[in-house]
Amino acid sequence: MLLEPQILERLDRLSLKIRERTAGSNPGEHRSRRLGSSVDFADWRPYVEGDDFRRIDFGIYARLDRLVIRLYEAEEELNVRIVVDASASMGFEEKLPAALRLAGAIAYLAAARHDRARVWVSNQDGISPGPWARSREGAFHLHRWLETVTAGGESNLANGLKRMAAAGGLPGLTIVISDLLSEDWETVVRRLGGPGAESAVLQVLARSELDPSLRGDLLLVDSETGEAVEVSMSDQVLRQYRARAVKFVAGVAEACRSRGIRYSLVSPGDDLEKLLMTDLRLQGLVR
């Protein structure tokens, strides 16, 4: 089981939070740019034949002898796309299982509120979509699909996002879950966002990647390219590494914030409930 029953129970109390009004195609729980029939008044317009007479503002008619109807802000569904990096580097220290649980939780949050959620997996084969979920049952079906995902190959996130955008843009909410350990991570960030779109980056890094305890003469092998490097891990080298790791994470966070993309650093050892209930709330992704 991807998510435990107690976590699902907690998720039922949360929902995704968006900054902009949506422009979905089906009824939902998010404010829309279009007008519809929610309880929030928006404007009046003159009555024309064929309008629903129940929307006539009889108060205006009594005062001004004019037939007008009341318009309301529509509430529509949000399209939620969750892109999970399943390259080989995500197989290190349970990063991929943590990413898949996080993706499953966010998809459940959306589907339980009648939004449309889908997870896309990016690896050496390109980018592959899972089933759409628009209900709790749909989310459970998606969870079963996520349980089959494994890590392998090189990262292909930038090309994957390019394909997704070319297929109709990225309206709604797009969330990337990745370690971003690739030379083109800045391209990944630049390809998020756009008109009518909101984005978030959840960077998954193991604590040992930020603060390793390795010592001595070692042969380190890149899990994606197979390239090997001989290193001598002295205290000085470790200090330099840690400083570069901190600079890298800070650079990703700043690149996201400068483009209005919400950002959070995640570790495989993080408590999922705390991450959802506290950390992502502070980032404004859930409420």
# chains A, B, ... in the order shown; residues from 1 in each chain; ligands from 1
$ closest_atom_pairs --of "region 200-228 of chain A" --to "region 262-282 of chain A" --cutoff "6 Å" --atoms "only C-alpha atoms" --output "JSON lines"
{"residue": "A:Ala200", "atom": "CA", "partner": "A:Arg262", "partner_atom": "CA", "distance": 4.4}
{"residue": "A:Val201", "atom": "CA", "partner": "A:Tyr263", "partner_atom": "CA", "distance": 4.9}
{"residue": "A:Leu202", "atom": "CA", "partner": "A:Ser264", "partner_atom": "CA", "distance": 5.0}
{"residue": "A:Gln203", "atom": "CA", "partner": "A:Leu265", "partner_atom": "CA", "distance": 4.9}
{"residue": "A:Val204", "atom": "CA", "partner": "A:Val266", "partner_atom": "CA", "distance": 4.7}
{"residue": "A:Leu205", "atom": "CA", "partner": "A:Ser267", "partner_atom": "CA", "distance": 5.3}
{"residue": "A:Ala206", "atom": "CA", "partner": "A:Ser267", "partner_atom": "CA", "distance": 5.2}
$ select_by_dssp --residues "region 165-285 of chain A" --states "alpha helix (DSSP H)" --output "ChimeraX atom specification"
/A:165-166,185-190,207-210,235-258,272-274,280-282
$ write_last_selection --atoms "C-alpha atoms" --output "PDB file, in the first residue's frame"
ATOM      1  CA  ALA A 165       4.108  21.939 -22.860  1.00  0.00           C
ATOM      2  CA  ALA A 166       4.032  21.313 -26.626  1.00  0.00           C
ATOM      3  CA  TRP A 185      18.225  21.632 -13.873  1.00  0.00           C
ATOM      4  CA  GLU A 186      17.940  25.355 -14.714  1.00  0.00           C
ATOM      5  CA  THR A 187      16.185  24.425 -17.964  1.00  0.00           C
ATOM      6  CA  VAL A 188      13.723  22.339 -15.955  1.00  0.00           C
ATOM      7  CA  VAL A 189      12.879  25.355 -13.790  1.00  0.00           C
ATOM      8  CA  ARG A 190      12.576  27.683 -16.798  1.00  0.00           C
ATOM      9  CA  ARG A 207      20.917  13.863   4.012  1.00  0.00           C
ATOM     10  CA  SER A 208      24.071  11.938   3.089  1.00  0.00           C
ATOM     11  CA  GLU A 209      24.123  13.778  -0.256  1.00  0.00           C
ATOM     12  CA  LEU A 210      24.214  17.110   1.554  1.00  0.00           C
ATOM     13  CA  ASP A 235      38.238  16.874   5.971  1.00  0.00           C
ATOM     14  CA  GLN A 236      39.086  19.779   3.671  1.00  0.00           C
ATOM     15  CA  VAL A 237      37.446  18.092   0.649  1.00  0.00           C
ATOM     16  CA  LEU A 238      34.325  17.354   2.716  1.00  0.00           C
ATOM     17  CA  ARG A 239      34.082  20.981   3.805  1.00  0.00           C
ATOM     18  CA  GLN A 240      34.329  22.102   0.190  1.00  0.00           C
ATOM     19  CA  TYR A 241      31.718  19.552  -0.844  1.00  0.00           C
ATOM     20  CA  ARG A 242      29.269  20.650   1.860  1.00  0.00           C
ATOM     21  CA  ALA A 243      29.709  24.291   0.896  1.00  0.00           C
ATOM     22  CA  ARG A 244      28.994  23.481  -2.765  1.00  0.00           C
ATOM     23  CA  ALA A 245      25.963  21.392  -1.800  1.00  0.00           C
ATOM     24  CA  VAL A 246      24.523  24.274   0.240  1.00  0.00           C
ATOM     25  CA  LYS A 247      25.191  26.671  -2.657  1.00  0.00           C
ATOM     26  CA  PHE A 248      23.495  24.294  -5.111  1.00  0.00           C
ATOM     27  CA  VAL A 249      20.326  23.956  -3.020  1.00  0.00           C
ATOM     28  CA  ALA A 250      20.208  27.713  -2.415  1.00  0.00           C
ATOM     29  CA  GLY A 251      20.604  28.314  -6.147  1.00  0.00           C
ATOM     30  CA  VAL A 252      17.685  26.025  -6.996  1.00  0.00           C
ATOM     31  CA  ALA A 253      15.503  27.677  -4.355  1.00  0.00           C
ATOM     32  CA  GLU A 254      16.335  31.181  -5.627  1.00  0.00           C
ATOM     33  CA  ALA A 255      15.772  30.214  -9.270  1.00  0.00           C
ATOM     34  CA  CYS A 256      12.314  28.929  -8.322  1.00  0.00           C
ATOM     35  CA  ARG A 257      11.359  31.916  -6.202  1.00  0.00           C
ATOM     36  CA  SER A 258      12.480  34.381  -8.877  1.00  0.00           C
ATOM     37  CA  LEU A 272       5.144  12.595   5.342  1.00  0.00           C
ATOM     38  CA  GLU A 273       2.417  13.926   7.634  1.00  0.00           C
ATOM     39  CA  LYS A 274       4.634  16.742   8.898  1.00  0.00           C
ATOM     40  CA  LEU A 280       3.921  22.475   2.343  1.00  0.00           C
ATOM     41  CA  ARG A 281       1.396  24.612   4.187  1.00  0.00           C
ATOM     42  CA  LEU A 282       4.127  27.158   4.862  1.00  0.00           C
TER      43      LEU A 282
END
$ select_by_dssp --residues "region 6-247 of chain A" --states "strand (DSSP E or B)" --output "ChimeraX atom specification"
/A:16,22,27-46,56,68-76,79-85,116-123,126-129,133,172-178,197-204,216-221,228-233
$ residues_around --residues "Met90 (chain A)" --least-positions-apart "6" --cutoff "8 Å" --atoms "only C-alpha atoms" --output "list of chain:residue names"
A:Leu96, A:Ala151, A:Ser178, A:Asp179
